$ cat query_15.txt   # compact mmCIF, C-alpha atoms
# COMPACT_ATOMS: atom_id res chain seq x y z
CA MET A 1 47.62 -28.57 4.13
CA LEU A 2 46.16 -26.25 6.78
CA ARG A 3 46.67 -23.35 4.41
CA ILE A 4 44.61 -25.09 1.70
CA VAL A 5 41.81 -25.89 4.14
CA LEU A 6 41.69 -22.30 5.39
CA GLN A 7 41.69 -20.98 1.84
CA GLY A 8 38.80 -23.31 0.99
CA ILE A 9 36.82 -22.11 3.99
CA GLY A 10 37.60 -18.55 2.98
CA VAL A 11 36.22 -19.12 -0.51
CA ILE A 12 32.99 -20.63 0.88
CA ILE A 13 32.51 -17.68 3.25
CA LEU A 14 33.27 -15.28 0.40
CA ILE A 15 30.63 -16.90 -1.83
CA LEU A 16 28.00 -16.73 0.90
CA ALA A 17 28.81 -13.14 1.82
CA VAL A 18 28.92 -11.89 -1.78
CA THR A 19 25.61 -13.65 -2.55
CA ILE A 20 23.80 -12.20 0.46
CA VAL A 21 25.16 -8.67 0.02
CA THR A 22 24.49 -8.63 -3.73
CA LEU A 23 20.91 -9.87 -3.45
CA LYS A 24 20.16 -7.59 -0.50
CA ILE A 25 21.43 -4.50 -2.30
CA ALA A 26 19.80 -5.48 -5.60
CA ASN A 27 16.38 -5.79 -3.93
CA GLN A 28 16.58 -2.84 -1.55
CA GLY A 29 14.89 -0.23 -3.69
CA ALA A 30 12.84 -2.59 -5.82
CA ASP A 31 9.07 -2.35 -6.24
CA GLY A 32 8.41 -5.40 -4.10
CA PRO A 33 10.46 -8.21 -2.60
CA SER A 34 12.23 -11.18 -4.11
CA ILE A 35 11.66 -14.72 -2.83
CA LEU A 36 13.74 -14.22 0.29
CA PHE A 37 15.16 -10.71 0.39
CA PRO A 38 13.09 -7.68 1.38
CA GLY A 39 12.22 -5.20 -1.32
CA GLY A 40 11.25 -1.55 -1.19
CA GLU A 41 7.97 0.30 -1.37
CA LEU A 42 5.09 -1.32 -3.25
CA VAL A 43 4.47 1.24 -5.96
CA SER A 44 2.78 -0.43 -8.90
CA GLY A 45 -0.77 -1.70 -8.90
CA GLU A 46 -4.13 -0.07 -8.30
CA LEU A 47 -4.73 1.18 -4.74
CA HIS A 48 -7.96 -0.30 -3.39
CA THR A 49 -10.42 2.16 -1.89
CA GLY A 50 -13.81 1.71 -0.32
CA SER A 51 -15.13 -1.19 1.68
CA ASP A 52 -13.22 -4.41 2.11
CA PRO A 53 -13.57 -7.08 -0.58
CA ASP A 54 -14.74 -10.62 0.08
CA TRP A 55 -11.38 -11.90 1.22
CA ARG A 56 -12.24 -15.50 0.28
CA PHE A 57 -10.66 -14.78 -3.10
CA THR A 58 -7.32 -15.12 -1.29
CA ASP A 59 -7.98 -18.87 -0.96
CA ASP A 60 -6.59 -19.06 -4.50
CA VAL A 61 -3.60 -16.83 -3.71
CA PHE A 62 -0.53 -18.69 -2.46
CA THR A 63 1.56 -15.70 -1.39
CA ILE A 64 1.18 -11.94 -1.23
CA GLU A 65 3.61 -9.05 -1.01
CA LEU A 66 3.50 -7.18 2.29
CA GLN A 67 5.14 -3.84 2.92
CA LEU A 68 5.58 -2.19 6.29
CA VAL A 69 5.36 1.59 6.28
CA ASN A 70 7.79 1.95 9.21
CA PRO A 71 10.42 0.83 8.39
CA LEU A 72 9.80 0.81 4.68
CA SER A 73 10.47 -2.71 3.40
CA SER A 74 8.48 -5.50 1.79
CA ARG A 75 8.49 -9.27 1.78
CA VAL A 76 6.64 -12.31 0.39
CA ILE A 77 4.27 -13.97 2.84
CA PHE A 78 1.43 -16.50 3.17
CA ILE A 79 -2.16 -15.34 3.63
CA MET A 80 -5.14 -17.04 5.23
CA GLU A 81 -8.78 -15.93 5.23
CA SER A 82 -10.99 -16.93 8.15
CA ASP A 83 -14.47 -15.64 9.06
CA GLY A 84 -14.22 -12.77 6.62
CA LYS A 85 -10.87 -11.51 7.92
CA VAL A 86 -7.38 -12.00 6.53
CA TYR A 87 -4.35 -13.10 8.47
CA ILE A 88 -0.64 -13.49 7.85
CA PRO A 89 1.77 -15.73 9.76
CA SER A 90 5.37 -15.30 10.79
CA GLY A 91 7.11 -18.49 11.79
CA TYR A 92 10.38 -19.47 13.48
CA MET A 93 9.95 -16.62 15.96
CA GLN A 94 11.80 -18.34 18.78
CA SER A 95 14.93 -19.40 16.94
CA PHE A 96 18.10 -17.40 16.44
CA LEU A 97 17.87 -17.48 12.63
CA GLY A 98 14.15 -16.73 12.81
CA ARG A 99 14.73 -13.59 14.84
CA ILE A 100 17.02 -12.31 12.10
CA TRP A 101 14.91 -13.57 9.21
CA LYS A 102 11.56 -12.37 10.64
CA GLU A 103 12.70 -9.05 12.04
CA TRP A 104 9.74 -7.41 10.30
CA ALA A 105 7.30 -9.18 12.64
CA PHE A 106 8.98 -7.66 15.70
CA GLN A 107 8.90 -4.26 14.00
CA ALA A 108 5.20 -4.64 13.16
CA ASP A 109 4.36 -5.75 16.69
CA GLU A 110 6.34 -3.02 18.41
CA GLY A 111 5.68 -0.24 15.86
CA ASP A 112 2.56 1.30 14.38
CA GLY A 113 1.72 -1.79 12.29
CA LEU A 114 0.84 0.24 9.21
CA ALA A 115 1.22 -1.91 6.11
CA VAL A 116 0.39 -2.21 2.43
CA ALA A 117 -0.46 -5.59 0.94
CA ARG A 118 -0.30 -6.25 -2.79
CA ILE A 119 -2.58 -9.10 -3.76
CA ASN A 120 -3.04 -10.06 -7.41
CA GLY A 121 -1.61 -6.68 -8.40
CA THR A 122 -3.95 -4.59 -6.23
CA ARG A 123 -2.63 -2.72 -3.21
CA TYR A 124 -4.55 -2.63 0.08
CA GLU A 125 -3.67 -0.27 2.93
CA ARG A 126 -3.94 -2.25 6.16
CA GLN A 127 -3.13 -2.23 9.85
CA LEU A 128 -1.32 -5.23 11.26
CA ILE A 129 -2.65 -6.37 14.62
CA ARG A 130 -0.98 -9.27 16.35
CA ILE A 131 -3.50 -11.91 17.38
CA LYS A 132 -3.01 -13.56 20.75
CA ASP A 133 -6.61 -14.66 21.23
CA THR A 134 -6.63 -18.42 20.73
CA ASP A 135 -10.35 -18.44 19.91
CA VAL A 136 -9.71 -17.43 16.31
CA ILE A 137 -6.74 -19.75 15.80
CA ASP A 138 -8.79 -22.83 14.85
CA GLY A 139 -10.21 -21.25 11.70
CA ILE A 140 -6.82 -19.82 10.68
CA ALA A 141 -5.08 -23.14 11.33
CA ALA A 142 -7.68 -25.00 9.26
CA LYS A 143 -7.11 -22.60 6.37
CA PHE A 144 -3.33 -22.98 6.74
CA GLY A 145 -3.76 -26.76 6.57
CA SER A 146 -5.88 -26.61 3.45
CA LYS A 147 -3.57 -24.17 1.65
CA TYR A 148 -0.04 -24.88 2.80
CA ALA A 149 0.08 -28.52 3.89
CA GLY A 150 2.43 -29.50 1.08
CA GLY A 151 2.27 -33.28 0.95
CA ASP A 152 1.00 -33.66 4.53
CA PRO A 153 -2.64 -34.27 5.47
CA PRO A 154 -4.36 -30.88 5.97
CA GLU A 155 -5.54 -31.88 9.45
CA ALA A 156 -2.00 -32.69 10.55
CA ALA A 157 -0.67 -29.44 9.10
CA ALA A 158 -3.44 -27.49 10.85
CA ALA A 159 -2.69 -29.20 14.18
CA PHE A 160 1.03 -28.50 13.77
CA PHE A 161 0.29 -24.87 12.93
CA LYS A 162 -2.03 -24.43 15.92
CA LYS A 163 0.57 -25.88 18.28
CA SER A 164 3.22 -23.64 16.78
CA VAL A 165 1.02 -20.59 17.40
CA THR A 166 0.13 -21.54 20.98
CA ASP A 167 3.80 -22.26 21.68
CA GLY A 168 4.70 -18.79 20.43
CA ASP A 169 6.87 -20.09 17.62
CA THR A 170 4.49 -18.68 15.01
CA TRP A 171 2.93 -15.25 15.28
CA ILE A 172 -0.34 -14.31 13.60
CA PHE A 173 -1.27 -10.83 12.45
CA GLU A 174 -4.69 -9.75 11.30
CA MET A 175 -4.54 -7.46 8.30
CA ALA A 176 -7.25 -5.19 9.64
CA PRO A 177 -8.62 -2.08 7.97
CA ARG A 178 -6.89 1.11 9.00
CA ASP A 179 -8.88 3.33 11.34
CA GLY A 180 -12.02 4.52 9.58
CA ASP A 181 -11.58 2.20 6.60
CA GLY A 182 -13.31 -1.00 5.62
CA THR A 183 -16.53 -2.39 6.95
CA MET B 1 48.20 -21.58 -3.32
CA LYS B 2 50.23 -18.41 -2.97
CA THR B 3 48.53 -15.41 -1.42
CA LYS B 4 48.65 -13.39 -4.63
CA ASN B 5 46.99 -16.15 -6.66
CA TYR B 6 44.44 -16.73 -3.88
CA LEU B 7 43.43 -13.07 -3.87
CA ILE B 8 43.11 -13.10 -7.66
CA LEU B 9 40.88 -16.19 -7.37
CA CYS B 10 38.72 -14.46 -4.73
CA ALA B 11 38.35 -11.38 -6.91
CA ALA B 12 37.40 -13.52 -9.92
CA ILE B 13 34.83 -15.48 -7.90
CA THR B 14 33.33 -12.25 -6.55
CA LEU B 15 33.06 -10.70 -10.01
CA ALA B 16 31.59 -13.82 -11.61
CA LEU B 17 29.10 -14.29 -8.79
CA VAL B 18 27.87 -10.69 -8.80
CA ILE B 19 27.43 -10.66 -12.57
CA SER B 20 25.66 -14.04 -12.51
CA LEU B 21 23.29 -12.99 -9.72
CA LEU B 22 22.42 -9.73 -11.40
CA TYR B 23 22.23 -10.72 -15.06
CA LEU B 24 21.84 -14.51 -15.42
CA PRO B 25 18.08 -15.18 -15.74
CA GLY B 26 16.78 -17.47 -13.03
CA PHE B 27 20.09 -17.84 -11.22
CA SER B 28 19.25 -15.53 -8.32
CA ASP B 29 15.84 -17.22 -7.93
CA THR B 30 17.50 -20.64 -7.71
CA VAL B 31 20.00 -19.37 -5.15
CA GLU B 32 17.23 -17.77 -3.08
CA GLN B 33 15.16 -20.97 -3.18
CA LEU B 34 18.15 -22.89 -1.81
CA MET B 35 18.67 -20.28 0.91
CA LEU B 36 14.97 -20.45 1.79
CA LEU B 37 15.22 -24.24 2.04
CA PHE B 38 18.24 -23.86 4.33
CA LEU B 39 16.51 -21.30 6.54
CA SER B 40 13.24 -23.23 6.83
CA THR B 41 15.20 -26.36 7.74
CA PHE B 42 17.57 -24.88 10.29
CA SER B 43 15.40 -22.14 11.85
CA ARG B 44 13.32 -24.60 13.86

$ encode --input "query_15.txt" --output "structure tokens"
Amino acid sequence: MLRIVLQGIGVIILILAVTIVTLKIANQGADGPSILFPGGELVSGELHTGSDPDWRFTDDVFTIELQLVNPLSSRVIFIMESDGKVYIPSGYMQSFLGRIWKEWAFQADEGDGLAVARINGTRYERQLIRIKDTDVIDGIAAKFGSKYAGGDPPEAAAAFFKKSVTDGDTWIFEMAPRDGDGT
Amino acid sequence: MKTKNYLILCAAITLALVISLLYLPGFSDTVEQLMLLFLSTFSR
């Protein structure tokens, strides 16, 4: 009986391991990420040059693809516009699984923060700057509530988001222009 | 199950899973959605 139980557990672990390894390898060099697994360099799509666009168009964009330059990997992520600037969140930053899942946020915070965002097929070269100033959180939280509340009231989602940010469970990065770019 | 049969079963599962994930349309997306649901539930 014990042998059967152990074999069953072994099969479950095998399925999980094979799934994770296969999807990770399959996405590694891809032009962009999958739903969960990081992809490679964002190659396709026009590279935006010149001054920054009116970022309010991102109100109609649910997710974007974001690639770090160092290390080179990309993922799918939410985006919020507030006061003419664009922000991205990284949640679950204080949990064990979150630290593994959101490793990119630590890399962006500790590294140079150079990134490329692909939004509606256009690539934008950006600089990720972690926001710790709570003054700008209200506008970002309101936008989060209006875009990503799911079935919850937007105000409740915004309040939850703001608390999560002030508690340090969610990090916010501004996708700022790189030095000398933008307006 | 004897060890030999168990190893054959593991090899068959691995092969079928890899082929399904790589070539079955929509299968990998469904699996990733489930993994995302798991992570967003248990990462709090």

$ residues_near_point --input "query_15.txt" --point "(-6.1, -9.3, 11.7)" --cutoff "8 Å" --atoms "all atoms listed in the file" --output "short mmCIF file (atom, residue, chain, number, x, y, z; two decimals) with C-alpha atoms, in the coordinates of the input"
data_model
loop_
_atom_site.label_atom_id
_atom_site.label_comp_id
_atom_site.auth_asym_id
_atom_site.auth_seq_id
_atom_site.Cartn_x
_atom_site.Cartn_y
_atom_site.Cartn_z
CA LYS A 85 -10.87 -11.51 7.92
CA VAL A 86 -7.38 -12.00 6.53
CA TYR A 87 -4.35 -13.10 8.47
CA ILE A 88 -0.64 -13.49 7.85
CA GLN A 127 -3.13 -2.23 9.85
CA LEU A 128 -1.32 -5.23 11.26
CA ILE A 129 -2.65 -6.37 14.62
CA ARG A 130 -0.98 -9.27 16.35
CA ILE A 131 -3.50 -11.91 17.38
CA ILE A 172 -0.34 -14.31 13.60
CA PHE A 173 -1.27 -10.83 12.45
CA GLU A 174 -4.69 -9.75 11.30
CA MET A 175 -4.54 -7.46 8.30
CA ALA A 176 -7.25 -5.19 9.64
#

$ closest_atom_pairs --input "query_15.txt" --of "chain A" --to "chain B" --cutoff "7 Å" --atoms "all atoms listed in the file" --output "CSV"
residue,atom,partner,partner_atom,distance
A:Val11,CA,B:Cys10,CA,6.8
A:Val18,CA,B:Thr14,CA,6.5
A:Thr22,CA,B:Val18,CA,6.4
A:Ile35,CA,B:Glu32,CA,6.4
A:Leu36,CA,B:Glu32,CA,6.0
A:Tyr92,CA,B:Ser43,CA,5.9
A:Ser95,CA,B:Ser43,CA,5.8
A:Leu97,CA,B:Ser43,CA,5.3
A:Gly98,CA,B:Ser43,CA,5.6

$ atom_distance --input "query_15.txt" --atom1 "atom CA of Gln28 of chain A" --atom2 "atom CA of Pro71 of chain A"
12.3 Å

$ closest_residue --input "query_15.txt" --among "A:Asp59, A:Asp179, A:Asp31, A:Asp169" --to "Glu125 of chain A" --atoms "all atoms listed in the file"
A:Asp179

$ closest_residue --input "query_15.txt" --among "A:Arg99, A:Arg3, A:His48, A:Arg118" --to "Leu66 of chain A" --atoms "all atoms listed in the file"
A:Arg118

$ atom_distance --input "query_15.txt" --atom1 "atom CA of Glu81 of chain A" --atom2 "atom CA of Lys132 of chain A"
16.7 Å

$ atom_distance --input "query_15.txt" --atom1 "atom CA of Arg123 of chain A" --atom2 "atom CA of Ala108 of chain A"
18.2 Å

$ residues_around --input "query_15.txt" --residues "Asn27 of chain A" --least-positions-apart "2" --cutoff "12 Å" --atoms "only C-alpha atoms" --output "PyMOL selection string"
(chain A and resi 20-25+29-41+73-75) or (chain B and resi 21-22+28)

$ closest_residue --input "query_15.txt" --among "A:Thr58, A:Thr19, A:Gln94, A:Thr166" --to "Asp135 of chain A" --atoms "only C-alpha atoms"
A:Thr166

$ residues_around --input "query_15.txt" --residues "Pro154 of chain A" --least-positions-apart "4" --cutoff "9 Å" --atoms "all atoms listed in the file" --output "PyMOL selection string"
chain A and resi 142-150+158-159

$ closest_residue --input "query_15.txt" --among "A:Trp101, A:Ser44, A:Leu68, A:Pro89" --to "Lys162 of chain A" --atoms "all atoms listed in the file"
A:Pro89
